[in-house]
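Text of the file upload-v9.txt, holding compact mmCIF, C-alpha atoms:
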```txt
# COMPACT_ATOMS: atom_id res chain seq x y z
CA MET A 176 138.09 -109.75 9.78
CA ARG A 177 134.64 -110.56 8.57
CA PHE A 178 134.33 -107.18 7.10
CA SER A 179 137.53 -107.48 5.08
CA THR A 180 136.60 -110.91 3.70
CA ARG A 181 133.31 -109.53 2.57
CA ARG A 182 135.08 -106.62 1.05
CA ARG A 183 137.52 -108.87 -0.74
CA LEU A 184 134.70 -111.01 -2.01
CA HIS A 185 133.00 -107.92 -3.23
CA PHE A 186 136.18 -106.76 -4.93
CA GLU A 187 136.66 -110.15 -6.58
CA ALA A 188 133.10 -110.19 -7.79
CA ARG A 189 133.59 -106.76 -9.24
CA ARG A 190 136.83 -107.85 -10.88
CA SER A 191 135.17 -110.84 -12.46
CA VAL A 192 132.39 -108.62 -13.81
CA VAL A 193 134.96 -106.23 -15.27
CA PHE A 194 136.93 -109.13 -16.68
CA ARG A 195 133.84 -110.67 -18.26
CA ALA A 196 132.84 -107.36 -19.79
CA PHE A 197 136.36 -106.91 -21.11
CA ALA A 198 136.47 -110.42 -22.54
CA GLY A 199 133.06 -109.87 -24.09
CA ALA A 200 134.19 -106.65 -25.72
CA VAL A 201 137.28 -108.33 -27.11
CA GLY A 202 135.15 -111.16 -28.41
CA VAL A 203 132.77 -108.77 -30.12
CA ILE A 204 135.62 -106.85 -31.73
CA LEU A 205 137.28 -110.08 -32.87
CA LEU A 206 134.05 -111.43 -34.28
CA GLY A 207 133.37 -108.08 -35.91
CA THR A 208 136.77 -108.06 -37.59
CA LEU A 209 136.26 -111.62 -38.73
CA LEU A 210 132.84 -110.85 -40.15
CA THR A 211 133.96 -107.71 -41.92
CA ALA A 212 136.83 -109.69 -43.35
CA CYS A 213 134.25 -112.10 -44.70
CA THR A 214 131.77 -109.64 -46.16
CA THR A 215 133.66 -106.59 -47.34
CA PRO A 216 134.45 -107.05 -51.02
CA GLU A 217 137.66 -105.81 -52.50
CA PRO A 218 137.09 -102.21 -53.54
CA ALA A 219 137.42 -102.77 -57.27
CA LYS A 220 139.12 -99.82 -58.91
CA GLU A 221 138.69 -101.37 -62.34
CA LEU A 222 134.94 -101.70 -61.86
CA LEU A 223 134.16 -98.94 -64.34
CA ALA A 224 137.31 -99.08 -66.42
CA PRO A 225 137.37 -101.02 -69.70
CA THR A 226 139.27 -104.28 -69.67
CA ASP A 227 140.47 -106.47 -72.52
CA ALA A 228 137.71 -108.96 -71.81
CA GLN A 229 135.08 -106.24 -72.10
CA MET A 230 136.49 -105.05 -75.40
CA LYS A 231 136.36 -108.62 -76.69
CA ILE A 232 132.74 -109.02 -75.62
CA ARG A 233 131.83 -105.72 -77.18
CA SER A 234 133.31 -106.75 -80.50
CA LEU A 235 131.37 -110.04 -80.29
CA GLN A 236 128.16 -108.11 -79.67
CA THR A 237 128.64 -105.59 -82.46
CA ARG A 238 128.20 -105.91 -86.23
CA LYS A 239 128.11 -103.37 -89.03
CA PHE A 240 125.45 -103.51 -91.73
CA ASP A 241 125.17 -101.64 -95.01
CA LEU A 242 121.89 -99.92 -94.31
CA LYS A 243 120.85 -96.31 -94.79
CA ASP A 244 117.54 -96.17 -92.97
CA ARG A 245 117.59 -96.71 -89.22
CA THR A 246 113.89 -97.46 -89.03
CA VAL A 247 114.37 -100.27 -91.56
CA ALA A 248 117.22 -101.62 -89.43
CA MET A 249 115.08 -101.45 -86.29
CA ARG A 250 112.18 -103.20 -87.99
CA GLY A 251 114.63 -105.88 -89.11
CA VAL A 252 115.87 -106.30 -85.54
CA ILE A 253 112.31 -106.55 -84.22
CA ALA A 254 111.36 -109.14 -86.86
CA ALA A 255 114.48 -111.19 -86.14
CA LEU A 256 113.78 -111.19 -82.40
CA GLN A 257 110.17 -112.20 -83.02
CA ASP A 258 111.31 -115.03 -85.29
CA LEU A 259 113.51 -116.25 -82.45
CA GLY A 260 110.44 -116.35 -80.21
CA PHE A 261 111.21 -113.19 -78.25
CA ILE A 262 108.52 -110.92 -76.89
CA ILE A 263 109.21 -107.29 -77.74
CA GLU A 264 108.97 -105.35 -74.50
CA ARG A 265 110.16 -101.90 -75.38
CA ALA A 266 111.09 -99.99 -78.51
CA ASN A 267 112.46 -96.49 -78.70
CA GLU A 268 112.70 -95.11 -82.22
CA PRO A 269 114.65 -91.88 -81.49
CA LEU A 270 117.31 -93.84 -79.60
CA GLY A 271 117.28 -96.92 -81.81
CA LEU A 272 116.67 -99.18 -78.82
CA VAL A 273 114.79 -102.49 -78.71
CA THR A 274 114.36 -104.64 -75.59
CA ALA A 275 112.93 -108.15 -75.80
CA ALA A 276 112.64 -111.20 -73.57
CA ARG A 277 111.73 -114.86 -73.79
CA PHE A 278 111.38 -117.79 -71.46
CA ALA A 279 114.14 -120.36 -71.64
CA GLU A 280 111.79 -123.09 -72.83
CA PRO A 281 111.23 -125.93 -72.03
CA ASN A 282 111.49 -124.56 -68.50
CA TYR A 283 109.44 -121.48 -67.84
CA TYR A 284 111.35 -120.16 -64.86
CA ASP A 285 114.44 -118.82 -66.59
CA VAL A 286 114.29 -115.69 -68.70
CA VAL A 287 116.55 -114.49 -71.49
CA THR A 288 116.56 -110.75 -72.05
CA VAL A 289 118.18 -108.97 -74.95
CA THR A 290 118.72 -105.28 -75.66
CA VAL A 291 119.64 -104.17 -79.17
CA ILE A 292 120.97 -100.74 -80.07
CA VAL A 293 120.96 -99.51 -83.67
CA ARG A 294 123.24 -96.58 -84.35
CA PRO A 295 124.21 -94.90 -87.63
CA GLU A 296 127.97 -95.27 -88.05
CA THR A 297 128.40 -93.47 -91.35
CA ALA A 298 125.92 -92.20 -93.94
CA ASP A 299 125.29 -95.70 -95.28
CA GLN A 300 126.33 -97.98 -92.44
CA MET A 301 124.61 -99.01 -89.23
CA THR A 302 126.19 -100.43 -86.11
CA ILE A 303 124.00 -102.97 -84.38
CA ARG A 304 124.90 -104.09 -80.88
CA ALA A 305 123.10 -106.77 -78.89
CA ASN A 306 123.43 -107.49 -75.17
CA ALA A 307 121.94 -110.75 -73.94
CA ILE A 308 121.29 -111.70 -70.31
CA TYR A 309 120.34 -115.13 -68.97
CA ASN A 310 118.34 -114.50 -65.78
CA ASN A 311 120.74 -111.98 -64.25
CA ARG A 312 123.98 -113.24 -65.77
CA PRO A 313 125.35 -111.64 -68.94
CA ILE A 314 125.85 -114.07 -71.81
CA GLU A 315 129.42 -114.08 -73.07
CA ASP A 316 129.22 -117.06 -75.39
CA PRO A 317 130.25 -115.94 -78.91
CA LYS A 318 127.94 -118.56 -80.44
CA VAL A 319 124.87 -116.80 -79.03
CA TYR A 320 125.72 -113.57 -80.82
CA GLN A 321 126.66 -115.39 -84.02
CA ASN A 322 123.25 -117.04 -84.00
CA PHE A 323 121.52 -113.75 -83.34
CA PHE A 324 123.29 -111.95 -86.17
CA ALA A 325 122.58 -114.86 -88.52
CA ALA A 326 118.87 -114.49 -87.76
CA LEU A 327 119.14 -110.72 -88.15
CA GLN A 328 120.87 -111.03 -91.52
CA ARG A 329 118.09 -113.31 -92.71
CA SER A 330 115.42 -110.93 -91.48
CA LEU A 331 117.07 -107.82 -92.99
CA PHE A 332 117.40 -109.66 -96.28
CA LEU A 333 113.69 -110.47 -96.17
CA THR A 334 112.87 -106.86 -95.34
CA ASN A 335 114.95 -105.51 -98.19
CA GLU A 336 113.25 -107.75 -100.71
CA MET B 77 106.47 -136.67 -45.31
CA ARG B 78 109.97 -135.24 -44.82
CA TRP B 79 111.20 -136.99 -47.95
CA VAL B 80 108.82 -134.96 -50.10
CA ILE B 81 110.99 -131.81 -50.04
CA PRO B 82 114.29 -133.43 -51.07
CA LEU B 83 112.40 -135.35 -53.75
CA ALA B 84 110.83 -132.14 -55.03
CA LEU B 85 114.24 -130.48 -55.08
CA MET B 86 115.71 -133.42 -56.96
CA LEU B 87 112.91 -133.30 -59.49
CA ALA B 88 113.38 -129.56 -59.91
CA GLY B 89 117.03 -130.28 -60.61
CA CYS B 90 115.98 -132.68 -63.34
CA VAL B 91 114.24 -130.00 -65.42
CA THR B 92 116.29 -129.73 -68.59
CA HIS B 93 118.12 -126.43 -68.83
CA SER B 94 118.49 -125.37 -72.41
CA GLU B 95 121.71 -123.66 -73.38
CA PRO B 96 121.33 -119.96 -74.12
CA ALA B 97 123.04 -120.53 -77.47
CA GLU B 98 120.12 -122.71 -78.57
CA LEU B 99 117.66 -119.99 -77.67
CA PHE B 100 119.05 -117.78 -80.42
CA GLN B 101 118.61 -120.41 -83.09
CA LEU B 102 115.69 -120.82 -85.42
CA THR B 103 113.91 -124.09 -84.78
CA PRO B 104 111.34 -126.02 -86.84
CA GLU B 105 108.66 -124.71 -84.46
CA SER B 106 109.63 -121.09 -85.06
CA ASN B 107 108.33 -121.39 -88.65
CA ARG B 108 105.05 -122.85 -87.44
CA ASN B 109 104.67 -120.13 -84.80
CA ARG B 110 105.47 -117.51 -87.40
CA ALA B 111 102.68 -118.71 -89.64
CA MET B 112 100.26 -118.65 -86.73
CA GLN B 113 101.24 -115.17 -85.56
CA ILE B 114 101.39 -113.34 -88.89
CA ARG B 115 98.71 -112.04 -91.25
CA THR B 116 99.21 -109.68 -94.17
CA PHE B 117 96.88 -106.90 -95.23
CA GLU B 118 96.63 -105.14 -98.55
CA THR B 119 96.71 -101.60 -97.28
CA LYS B 120 98.94 -98.59 -97.52
CA ASP B 121 97.85 -97.06 -94.26
CA GLN B 122 100.08 -98.44 -91.57
CA ARG B 123 98.81 -96.01 -88.98
CA GLU B 124 95.25 -97.16 -89.45
CA LEU B 125 96.37 -100.77 -89.15
CA LEU B 126 98.09 -100.00 -85.85
CA SER B 127 95.20 -98.02 -84.39
CA ALA B 128 92.73 -100.68 -85.55
CA SER B 129 94.89 -103.31 -83.80
CA ALA B 130 94.83 -101.20 -80.65
CA SER B 131 91.05 -100.92 -80.76
CA VAL B 132 90.66 -104.69 -81.32
CA LEU B 133 92.89 -105.34 -78.31
CA GLN B 134 90.76 -102.88 -76.36
CA ASP B 135 87.64 -104.76 -77.42
CA LEU B 136 89.27 -107.92 -76.05
CA GLY B 137 89.75 -106.18 -72.70
CA PHE B 138 93.43 -105.33 -73.01
CA GLN B 139 94.99 -102.12 -71.79
CA VAL B 140 97.64 -100.67 -74.09
CA GLU B 141 100.87 -100.35 -72.12
CA GLU B 142 103.28 -99.09 -74.71
CA SER B 143 103.17 -97.96 -78.32
CA VAL B 144 105.75 -96.70 -80.81
CA ARG B 145 104.26 -95.60 -84.10
CA GLU B 146 107.58 -95.23 -85.96
CA VAL B 147 108.33 -98.95 -85.77
CA GLY B 148 104.67 -100.01 -85.57
CA PHE B 149 104.91 -101.49 -82.08
CA LEU B 150 102.17 -102.04 -79.54
CA ARG B 151 102.16 -103.84 -76.19
CA ALA B 152 98.99 -104.50 -74.21
CA ALA B 153 98.00 -106.52 -71.16
CA LYS B 154 95.01 -107.56 -69.10
CA GLU B 155 94.92 -108.96 -65.60
CA ARG B 156 92.39 -111.59 -64.67
CA SER B 157 91.70 -114.25 -62.07
CA ALA B 158 93.41 -117.57 -62.78
CA ARG B 159 91.30 -119.70 -60.44
CA GLU B 160 90.18 -123.04 -61.87
CA TYR B 161 87.82 -125.58 -60.32
CA GLY B 162 90.03 -128.45 -61.47
CA GLN B 163 92.91 -127.22 -59.39
CA TYR B 164 90.78 -126.93 -56.27
CA ILE B 165 89.52 -130.48 -56.73
CA GLN B 166 93.09 -131.70 -57.23
CA ARG B 167 94.16 -129.75 -54.15
CA THR B 168 91.47 -131.41 -52.05
CA PHE B 169 92.50 -134.87 -53.29
CA VAL B 170 96.15 -134.24 -52.47
CA LEU B 171 95.16 -132.93 -49.05
CA ILE B 172 93.12 -136.07 -48.29
CA LEU B 173 95.70 -138.51 -49.70
CA SER B 174 98.54 -136.88 -47.75
CA LEU B 175 96.41 -137.02 -44.55
CA GLY B 176 96.20 -133.22 -44.38
CA LYS B 177 99.89 -132.61 -44.64
CA ALA B 178 100.34 -131.27 -48.18
CA LEU B 179 98.43 -128.23 -49.32
CA MET B 180 99.03 -127.66 -53.03
CA PRO B 181 99.39 -124.03 -54.16
CA VAL B 182 96.75 -123.05 -56.75
CA ASP B 183 96.85 -120.40 -59.47
CA LEU B 184 95.30 -117.18 -58.23
CA HIS B 185 96.02 -114.36 -60.60
CA GLN B 186 97.20 -114.02 -64.19
CA LYS B 187 98.37 -111.35 -66.55
CA ILE B 188 97.68 -111.99 -70.22
CA ALA B 189 99.84 -109.85 -72.47
CA ALA B 190 100.11 -109.20 -76.20
CA SER B 191 103.01 -107.80 -78.17
CA LEU B 192 102.14 -106.60 -81.68
CA VAL B 193 104.27 -105.31 -84.54
CA THR B 194 103.24 -104.05 -87.99
CA ARG B 195 105.72 -104.00 -90.84
CA PRO B 196 105.62 -103.01 -94.52
CA LEU B 197 106.48 -105.96 -96.76
CA ASN B 198 107.44 -104.09 -99.92
CA PRO B 199 109.22 -100.75 -100.50
CA GLU B 200 106.02 -99.10 -101.77
CA GLY B 201 104.31 -100.11 -98.54
CA THR B 202 101.14 -101.43 -100.16
CA ARG B 203 101.33 -104.74 -98.27
CA GLN B 204 101.53 -104.71 -94.52
CA GLU B 205 102.20 -107.50 -92.09
CA VAL B 206 100.81 -107.75 -88.57
CA ARG B 207 102.48 -110.07 -86.12
CA ILE B 208 101.13 -110.69 -82.64
CA LEU B 209 102.37 -112.77 -79.71
CA PHE B 210 100.27 -113.71 -76.71
CA TYR B 211 101.70 -114.91 -73.42
CA ARG B 212 100.67 -115.08 -69.80
CA VAL B 213 102.18 -114.86 -66.34
CA VAL B 214 100.46 -116.76 -63.53
CA TRP B 215 100.87 -116.05 -59.81
CA LYS B 216 100.36 -118.96 -57.44
CA GLY B 217 98.76 -118.78 -54.00
CA GLU B 218 100.05 -120.18 -50.74
CA GLY B 219 100.60 -123.84 -49.97
CA GLN B 220 102.10 -126.12 -47.37
CA VAL B 221 104.10 -129.34 -47.30
CA ASP B 222 104.31 -130.95 -43.86
CA ARG B 223 105.33 -127.95 -41.73
CA GLN B 224 107.04 -126.12 -44.58
CA TYR B 225 104.96 -123.12 -45.61
CA ILE B 226 105.03 -122.17 -49.28
CA PRO B 227 104.51 -118.42 -49.48
CA PRO B 228 102.22 -117.02 -52.18
CA GLY B 229 103.51 -115.14 -55.19
CA GLU B 230 105.47 -117.81 -57.07
CA GLN B 231 105.41 -117.01 -60.78
CA HIS B 232 104.96 -119.19 -63.78
CA MET B 233 105.12 -117.95 -67.35
CA GLU B 234 104.00 -119.42 -70.63
CA MET B 235 103.55 -118.55 -74.27
CA ILE B 236 100.05 -118.94 -75.61
CA ARG B 237 100.26 -121.31 -78.58
CA ASP B 238 96.57 -121.93 -79.20
CA PRO B 239 95.98 -121.17 -82.93
CA GLU B 240 92.34 -120.39 -82.26
CA ILE B 241 93.20 -117.33 -80.16
CA TYR B 242 95.31 -115.94 -82.99
CA GLN B 243 92.61 -116.71 -85.57
CA GLN B 244 90.03 -114.90 -83.48
CA PHE B 245 92.22 -111.86 -83.13
CA PHE B 246 92.93 -111.65 -86.85
CA ALA B 247 89.29 -112.19 -87.75
CA LYS B 248 88.38 -109.22 -85.55
CA LEU B 249 91.25 -107.16 -86.95
CA SER B 250 90.32 -107.70 -90.59
CA LYS B 251 86.77 -106.69 -89.75
CA ALA B 252 88.03 -103.59 -87.97
CA VAL B 253 90.36 -102.63 -90.82
CA PHE B 254 87.49 -102.97 -93.27
CA LEU B 255 85.31 -100.78 -91.10
CA GLU B 256 88.06 -98.26 -90.48
CA ALA B 257 88.99 -98.09 -94.13
CA HIS B 258 85.47 -97.19 -95.09
CA ALA B 259 84.73 -94.88 -92.21
CA ILE B 260 83.94 -91.33 -93.31
```

Rendering of file as structure tokens:
Amino acid sequence: MRFSTRRRLHFEARRSVVFRAFAGAVGVILLGTLLTACTTPEPAKELLAPTDAQMKIRSLQTRKFDLKDRTVAMRGVIAALQDLGFIIERANEPLGLVTAARFAEPNYYDVVTVTVIVRPETADQMTIRANAIYNNRPIEDPKVYQNFFAALQRSLFLTNE
Amino acid sequence: MRWVIPLALMLAGCVTHSEPAELFQLTPESNRNRAMQIRTFETKDQRELLSASASVLQDLGFQVEESVREVGFLRAAKERSAREYGQYIQRTFVLILSLGKALMPVDLHQKIAASLVTRPLNPEGTRQEVRILFYRVVWKGEGQVDRQYIPPGEQHMEMIRDPEIYQQFFAKLSKAVFLEAHAI
């Protein structure tokens, strides 16, 4: 009699251990599913494919200029960026690439970065494209690019004089 | 002292954020800065002007980081200590006034950088323009507010707008160009 009670107690204890382990495992799996549901982003198929919005931004960022010499165009771009208070960080003549940055004054913690690419379109036309980034967010405001190209036009005009 | 952190956060929120659109606009100051940063030289030799600029920057203790001759571009930097006595005195005062609870971070290290561009002003290339921009990045040391530890490494950036620095550079450059031009 005593023996069997002890045995039953033992069995029950074992059952509760098994049950707890089982419940724990279920809990972990549930929590895991919940967490993965929270963190896993949608696998974006269109991540690298062009969208209408991107085409629109590209057309905002691009202008054609009647220029023959790419170096002249690049010098114009550099002068325009300097006029706007940008610090030229990198320039690559063979690729027609200029990278510049400036602090978003009056606060000195935000940074605006701009990359300009100068490419010959035809024999006497250059395509100039500018990409601007505010901290780590791309700028999509058309006004920004209008202002940039206005400054560039002014600078190219001065250079041609 | 708990209220200090929310107050600091609120104040940080008050800093005016300028719209990116405004940053691509010419302002009245941009003309003044332009005048300060630009000098013209009556020379045909753009290469000499660029190499003379590099040697002047070297004389001033800068290391040239990047150069592109085709567009006349040069970038140089020097790293120095940014420690100032004034800040340490201020730090001590704050520490005493806050009964040892607020330890103000002080500037430790700075990088002074220069970005220089030469440009021909007329098609014949007999007049050349040199434009230079100086700026600096400052790294702050550690600090503490109440029990909140402020880790070191916070950055602060600023343009250098002291006309005297630009005048000094151009004075040295015109001397160097003169010397270079007559070197045999």

Could you please tell me, as a PDB file with C-alpha atoms, keeping the file's coordinate frame, which residues of chain B have an atom within 6 Å of chain A when using all atoms listed in the file?
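What landed in iface-v2.pdb:
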```pdb
ATOM      1  CA  ALA B  97     123.040-120.530 -77.470  1.00  0.00           C
ATOM      2  CA  PHE B 100     119.050-117.780 -80.420  1.00  0.00           C
ATOM      3  CA  GLN B 101     118.610-120.410 -83.090  1.00  0.00           C
ATOM      4  CA  LEU B 102     115.690-120.820 -85.420  1.00  0.00           C
ATOM      5  CA  MET B 233     105.120-117.950 -67.350  1.00  0.00           C
TER       6      MET B 233
END
```

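Of note, CA of Gln204 (chain B) and CA of Tyr242 (chain B) are spaced 17.3 Å apart.
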
Please compute the CA of Phe117 (chain B)-CA of Phe254 (chain B) distance, one decimal, in Å. 10.4 Å

Near region 128-131 of chain B, counting only C-alpha atoms, which residues have an atom at most 12 Å away, once you skip same-chain residues fewer than 5 positions from it, shown as a PyMOL selection string? chain B and resi 121-123+136-145+148-153+190-194+205-208+245-257+259

Grab the CA of Ala228 (chain A) to CA of Asn306 (chain A) distance for me, in Å with one decimal place. 14.7 Å

Rank nothing, just name the residue among A:Ala276, A:Ala198, A:Leu270, A:Ile232 nearest to Thr288 (chain A), using only C-alpha atoms. A:Ala276

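Closest approach to Leu242 (chain A) among A:Pro295, A:Leu327, A:Arg304, A:Asn311 is made by A:Pro295 (distances from all atoms listed in the file).
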
Need to verify the contact set: Pro239 (chain B), 9 Å, all atoms listed in the file, exclusion of same-chain residues closer than 4 positions in sequence. Can you return it as a count of residues only? 5

Thr290 (chain A) surroundings by only C-alpha atoms, 8 Å radius, close-in-sequence under 3 positions cut, as a list in words: Leu272, Val273, Thr274, Ala275, Ala305, Asn306 and Ala307 of chain A

If we count all atoms listed in the file and set the cut-off at 10 Å, which residues sit around Lys177 (chain B), ignoring sequence neighbours fewer than 5 positions away in its own chain? Please answer as a PDB file with C-alpha atoms, in the coordinates of the input.
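Heads up, here's the output in out_13.pdb:
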```
ATOM      1  CA  MET B  77     106.470-136.670 -45.310  1.00  0.00           C
ATOM      2  CA  VAL B 170      96.150-134.240 -52.470  1.00  0.00           C
ATOM      3  CA  LEU B 171      95.160-132.930 -49.050  1.00  0.00           C
ATOM      4  CA  ILE B 172      93.120-136.070 -48.290  1.00  0.00           C
ATOM      5  CA  GLN B 220     102.100-126.120 -47.370  1.00  0.00           C
ATOM      6  CA  VAL B 221     104.100-129.340 -47.300  1.00  0.00           C
ATOM      7  CA  ASP B 222     104.310-130.950 -43.860  1.00  0.00           C
ATOM      8  CA  ARG B 223     105.330-127.950 -41.730  1.00  0.00           C
ATOM      9  CA  GLN B 224     107.040-126.120 -44.580  1.00  0.00           C
TER      10      GLN B 224
END
```

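Closest approach to Gly176 (chain B) among B:Gly219, B:Ile241, B:Lys154, B:Glu230 is made by B:Gly219 (distances from all atoms listed in the file).
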
Could you add the missing atoms to region 219-247 of chain B, up to N, CA and C atoms, and return them as a compact mmCIF listing (two decimals), keeping the file's coordinate frame?
```
# COMPACT_ATOMS: atom_id res chain seq x y z
N GLY B 219 100.73 -122.40 -50.12
CA GLY B 219 100.60 -123.84 -49.97
C GLY B 219 101.39 -124.30 -48.78
N GLN B 220 101.37 -125.60 -48.52
CA GLN B 220 102.10 -126.12 -47.37
C GLN B 220 102.46 -127.58 -47.61
N VAL B 221 103.70 -127.95 -47.26
CA VAL B 221 104.10 -129.34 -47.30
C VAL B 221 104.63 -129.68 -45.92
N ASP B 222 103.97 -130.62 -45.25
CA ASP B 222 104.31 -130.95 -43.86
C ASP B 222 104.24 -129.66 -43.04
N ARG B 223 105.38 -129.22 -42.47
CA ARG B 223 105.33 -127.95 -41.73
C ARG B 223 105.93 -126.80 -42.53
N GLN B 224 106.41 -127.14 -43.73
CA GLN B 224 107.04 -126.12 -44.58
C GLN B 224 105.96 -125.30 -45.28
N TYR B 225 105.96 -124.01 -45.03
CA TYR B 225 104.96 -123.12 -45.61
C TYR B 225 105.47 -122.60 -46.95
N ILE B 226 104.65 -122.70 -47.97
CA ILE B 226 105.03 -122.17 -49.28
C ILE B 226 104.36 -120.81 -49.43
N PRO B 227 105.14 -119.74 -49.41
CA PRO B 227 104.51 -118.42 -49.48
C PRO B 227 103.89 -118.16 -50.85
N PRO B 228 102.85 -117.31 -50.90
CA PRO B 228 102.22 -117.02 -52.18
C PRO B 228 103.12 -116.13 -53.04
N GLY B 229 102.80 -116.07 -54.32
CA GLY B 229 103.51 -115.14 -55.19
C GLY B 229 104.46 -115.81 -56.17
N GLU B 230 104.59 -117.14 -56.12
CA GLU B 230 105.47 -117.81 -57.07
C GLU B 230 104.93 -117.59 -58.49
N GLN B 231 105.85 -117.32 -59.41
CA GLN B 231 105.41 -117.01 -60.78
C GLN B 231 105.66 -118.14 -61.75
N HIS B 232 104.80 -118.21 -62.72
CA HIS B 232 104.96 -119.19 -63.78
C HIS B 232 104.58 -118.50 -65.08
N MET B 233 105.40 -118.67 -66.11
CA MET B 233 105.12 -117.95 -67.35
C MET B 233 104.95 -118.92 -68.50
N GLU B 234 104.12 -118.57 -69.44
CA GLU B 234 104.00 -119.42 -70.63
C GLU B 234 103.55 -118.64 -71.85
N MET B 235 104.00 -119.11 -73.01
CA MET B 235 103.55 -118.55 -74.27
C MET B 235 102.19 -119.16 -74.58
N ILE B 236 101.34 -118.38 -75.20
CA ILE B 236 100.05 -118.94 -75.61
C ILE B 236 100.20 -119.42 -77.05
N ARG B 237 100.01 -120.73 -77.25
CA ARG B 237 100.26 -121.31 -78.58
C ARG B 237 98.99 -121.93 -79.15
N ASP B 238 97.84 -121.41 -78.71
CA ASP B 238 96.57 -121.93 -79.20
C ASP B 238 96.21 -121.18 -80.49
N PRO B 239 96.23 -121.87 -81.65
CA PRO B 239 95.98 -121.17 -82.93
C PRO B 239 94.65 -120.44 -82.95
N GLU B 240 93.67 -120.97 -82.23
CA GLU B 240 92.34 -120.39 -82.26
C GLU B 240 92.33 -118.94 -81.75
N ILE B 241 93.12 -118.68 -80.72
CA ILE B 241 93.20 -117.33 -80.16
C ILE B 241 93.72 -116.34 -81.21
N TYR B 242 94.72 -116.80 -81.96
CA TYR B 242 95.31 -115.94 -82.99
C TYR B 242 94.31 -115.74 -84.13
N GLN B 243 93.61 -116.82 -84.50
CA GLN B 243 92.61 -116.71 -85.57
C GLN B 243 91.52 -115.72 -85.19
N GLN B 244 91.08 -115.81 -83.94
CA GLN B 244 90.03 -114.90 -83.48
C GLN B 244 90.49 -113.46 -83.55
N PHE B 245 91.71 -113.23 -83.11
CA PHE B 245 92.22 -111.86 -83.13
C PHE B 245 92.25 -111.33 -84.55
N PHE B 246 92.79 -112.14 -85.48
CA PHE B 246 92.93 -111.65 -86.85
C PHE B 246 91.58 -111.50 -87.55
N ALA B 247 90.63 -112.34 -87.19
CA ALA B 247 89.29 -112.19 -87.75
C ALA B 247 88.71 -110.84 -87.33
```
